[in-house]
Amino acid sequence: MQQIFNFIFKNSNRLLFLLLLCVSLLLTIQSHSYHKSRIISSANFLSGGVYEKINNVNEYLNLKTENDALALENARLKSIVFNTKDTLALQKFEKIKGVEPKDIVVSKVIHNSYNVHENFITLNSGSLQGIKPDMGVINSLGIIGIIDKTSPKYSTVVSILNVKSRINAKIKKSNHFGSLTWNGKSTGFVQLIDVPRLASVRKGDTIVTGGQSVIFPENINIGTVHKVEIDDQTHYYTITVKLFNDMTNLGHVYIIKSKDREELTNLEKREKDE
């Protein structure tokens, strides 16, 4: 401690000069918008360069190229499983009929929000890859959301963690339907509402996409029943569903092109008009 005091005493003039210099520079920057903007621009340039280098290292360590190749192969195998007839060898797999290899687009999440009430996800695939609004987005664990808007190279997705999201879902073992929503609270749970009270449901039951959806194929995993309550107003079940997906940590996803959606939508519209 005595050495520190001796150092400060011996260099007091220099230290005072440096302190006054820093104060004067700070006052100059704060009082002149041009100087302030230049400093901020320089700081952003430096931090952006650092972040870019860190990202490049992380991608190298995560074997980005190999991950992309595996994702493509996974999509090819998934499409085969979707269309393979039931056999003893494939009894453990979920069967999702009507999905062809050409109807699956592999994409990557480049931005993901999950801490507001209306969350959106950005993908690095767009209209050039045939992506259109109202296409379903899934990954190997379950559903992610629905395509909202597209540009030539990018698209945005209405996340299932969006209070305006409504997706047809059902209890897998009983086929009782409801609407999948989110109450804006936990990122790990969504709610299945409007399920009739005659439905047989228990904690741990699996919730999947329903057959009434024209966006998602039937029986795609969503999560498991965490809690069952009765809505005092509707007298229907409100089921809290624990998601299979960690919506705060998303990588590659699969966009499903629904070839029957337009036909079904037009048919339903015609029935309403008659």
# chains A, B, ... in the order shown; residues from 1 in each chain; ligands from 1
$ closest_atom_pairs --of "stretch 145-198 of chain A" --to "stretch 216-234 of chain A" --cutoff "12 Å" --atoms "only C-alpha atoms" --output "tab-separated table"
residue	atom	partner	partner_atom	distance
A:Gly145	CA	A:Phe216	CA	9.7
A:Ile146	CA	A:Phe216	CA	9.0
A:Ile147	CA	A:Phe216	CA	11.5
A:Ile160	CA	A:Ile222	CA	10.0
A:Ile167	CA	A:Phe216	CA	8.8
A:Asn168	CA	A:Phe216	CA	8.7
A:Ala169	CA	A:Ile222	CA	8.4
A:Lys170	CA	A:Asn219	CA	8.5
A:Ile171	CA	A:Val225	CA	8.8
A:Lys172	CA	A:Asn219	CA	7.5
A:Lys173	CA	A:Asn219	CA	10.7
A:Asn175	CA	A:Asn219	CA	10.0
A:Phe177	CA	A:Glu218	CA	11.7
A:Leu180	CA	A:Ile222	CA	9.5
A:Thr181	CA	A:Ile222	CA	11.8
A:Gly188	CA	A:Gly223	CA	9.7
A:Phe189	CA	A:His226	CA	8.5
A:Val190	CA	A:Gly223	CA	8.9
A:Gln191	CA	A:Val225	CA	9.4
A:Leu192	CA	A:Val225	CA	9.2
A:Ile193	CA	A:Asp231	CA	8.7
A:Asp194	CA	A:Thr234	CA	7.7
A:Val195	CA	A:Ile230	CA	9.5
A:Pro196	CA	A:Thr234	CA	9.7
A:Arg197	CA	A:Ile230	CA	8.1
A:Leu198	CA	A:Ile230	CA	11.7
$ residues_around --residues "A:Thr156" --least-positions-apart "4" --cutoff "12 Å" --atoms "only C-alpha atoms" --output "MDAnalysis selection string"
chainID A and resid 107:113 119:127 131:137 144:152 255
$ write_last_selection --atoms "N, CA and C atoms" --output "compact mmCIF listing (two decimals), in the first residue's frame"
# COMPACT_ATOMS: atom_id res chain seq x y z
N SER A 107 -34.07 -25.03 -43.62
CA SER A 107 -33.71 -23.64 -43.40
C SER A 107 -33.01 -23.50 -42.05
N LYS A 108 -32.50 -22.30 -41.80
CA LYS A 108 -31.77 -22.04 -40.57
C LYS A 108 -32.31 -20.79 -39.89
N VAL A 109 -32.47 -20.87 -38.59
CA VAL A 109 -32.91 -19.72 -37.80
C VAL A 109 -31.76 -18.73 -37.67
N ILE A 110 -31.99 -17.49 -38.12
CA ILE A 110 -30.95 -16.46 -37.99
C ILE A 110 -31.33 -15.40 -36.97
N HIS A 111 -32.59 -15.41 -36.55
CA HIS A 111 -33.01 -14.52 -35.46
C HIS A 111 -34.22 -15.15 -34.78
N ASN A 112 -34.26 -15.08 -33.46
CA ASN A 112 -35.33 -15.72 -32.72
C ASN A 112 -35.68 -14.87 -31.50
N SER A 113 -36.91 -14.36 -31.45
CA SER A 113 -37.37 -13.63 -30.27
C SER A 113 -38.28 -14.53 -29.46
N ASN A 119 -43.92 -13.00 -30.53
CA ASN A 119 -42.58 -13.40 -30.94
C ASN A 119 -42.54 -13.88 -32.39
N PHE A 120 -41.45 -13.51 -33.06
CA PHE A 120 -41.25 -13.92 -34.44
C PHE A 120 -39.86 -14.52 -34.61
N ILE A 121 -39.73 -15.36 -35.62
CA ILE A 121 -38.47 -16.02 -35.95
C ILE A 121 -38.13 -15.67 -37.39
N THR A 122 -36.86 -15.43 -37.67
CA THR A 122 -36.42 -15.14 -39.04
C THR A 122 -35.59 -16.30 -39.57
N LEU A 123 -35.90 -16.74 -40.79
CA LEU A 123 -35.21 -17.86 -41.43
C LEU A 123 -34.45 -17.36 -42.66
N ASN A 124 -33.41 -18.09 -43.04
CA ASN A 124 -32.62 -17.70 -44.20
C ASN A 124 -33.11 -18.36 -45.49
N SER A 125 -34.40 -18.57 -45.60
CA SER A 125 -35.03 -19.09 -46.82
C SER A 125 -36.22 -18.20 -47.15
N GLY A 126 -36.44 -17.97 -48.47
CA GLY A 126 -37.53 -17.09 -48.86
C GLY A 126 -38.24 -17.56 -50.10
N SER A 127 -38.83 -16.62 -50.82
CA SER A 127 -39.64 -16.95 -51.98
C SER A 127 -38.84 -17.61 -53.09
N ILE A 131 -40.91 -20.58 -50.69
CA ILE A 131 -41.57 -20.38 -49.40
C ILE A 131 -42.68 -19.35 -49.54
N LYS A 132 -43.84 -19.66 -48.97
CA LYS A 132 -44.99 -18.78 -49.01
C LYS A 132 -45.59 -18.65 -47.62
N PRO A 133 -46.38 -17.59 -47.38
CA PRO A 133 -47.07 -17.46 -46.08
C PRO A 133 -47.97 -18.66 -45.80
N ASP A 134 -48.14 -18.96 -44.52
CA ASP A 134 -49.01 -20.04 -44.02
C ASP A 134 -48.44 -21.43 -44.23
N MET A 135 -47.14 -21.53 -44.45
CA MET A 135 -46.50 -22.85 -44.46
C MET A 135 -46.05 -23.19 -43.05
N GLY A 136 -46.13 -24.46 -42.68
CA GLY A 136 -45.73 -24.90 -41.36
C GLY A 136 -44.23 -25.04 -41.22
N VAL A 137 -43.72 -24.76 -40.03
CA VAL A 137 -42.29 -24.87 -39.73
C VAL A 137 -42.12 -25.81 -38.54
N ILE A 144 -42.68 -25.45 -34.73
CA ILE A 144 -42.00 -24.20 -34.40
C ILE A 144 -42.93 -23.01 -34.60
N GLY A 145 -43.65 -22.99 -35.72
CA GLY A 145 -44.54 -21.88 -36.01
C GLY A 145 -45.03 -21.92 -37.44
N ILE A 146 -45.52 -20.78 -37.93
CA ILE A 146 -46.12 -20.69 -39.26
C ILE A 146 -45.51 -19.50 -40.00
N ILE A 147 -45.16 -19.70 -41.27
CA ILE A 147 -44.59 -18.63 -42.08
C ILE A 147 -45.56 -17.46 -42.15
N ASP A 148 -45.04 -16.26 -41.91
CA ASP A 148 -45.86 -15.05 -41.93
C ASP A 148 -45.61 -14.23 -43.19
N LYS A 149 -44.39 -13.77 -43.38
CA LYS A 149 -44.04 -12.95 -44.55
C LYS A 149 -42.75 -13.48 -45.16
N THR A 150 -42.57 -13.20 -46.46
CA THR A 150 -41.37 -13.66 -47.16
C THR A 150 -40.77 -12.53 -48.00
N SER A 151 -39.47 -12.63 -48.20
CA SER A 151 -38.75 -11.82 -49.18
C SER A 151 -38.00 -12.84 -50.06
N PRO A 152 -37.29 -12.41 -51.08
CA PRO A 152 -36.61 -13.40 -51.92
C PRO A 152 -35.70 -14.37 -51.16
N ILE A 255 -39.31 -26.48 -43.38
CA ILE A 255 -40.53 -25.81 -43.83
C ILE A 255 -41.31 -26.79 -44.70
$ select_by_dssp --residues "stretch 133-238 of chain A" --states "strand (DSSP E)" --output "ChimeraX atom specification"
/A:136-138,143-150,155-162,167-171,177-181,189-195,206-209,221-230,237-238
$ atom_distance --atom1 "atom CA of A:Gly178" --atom2 "atom CA of A:Ser213"
11.1 Å
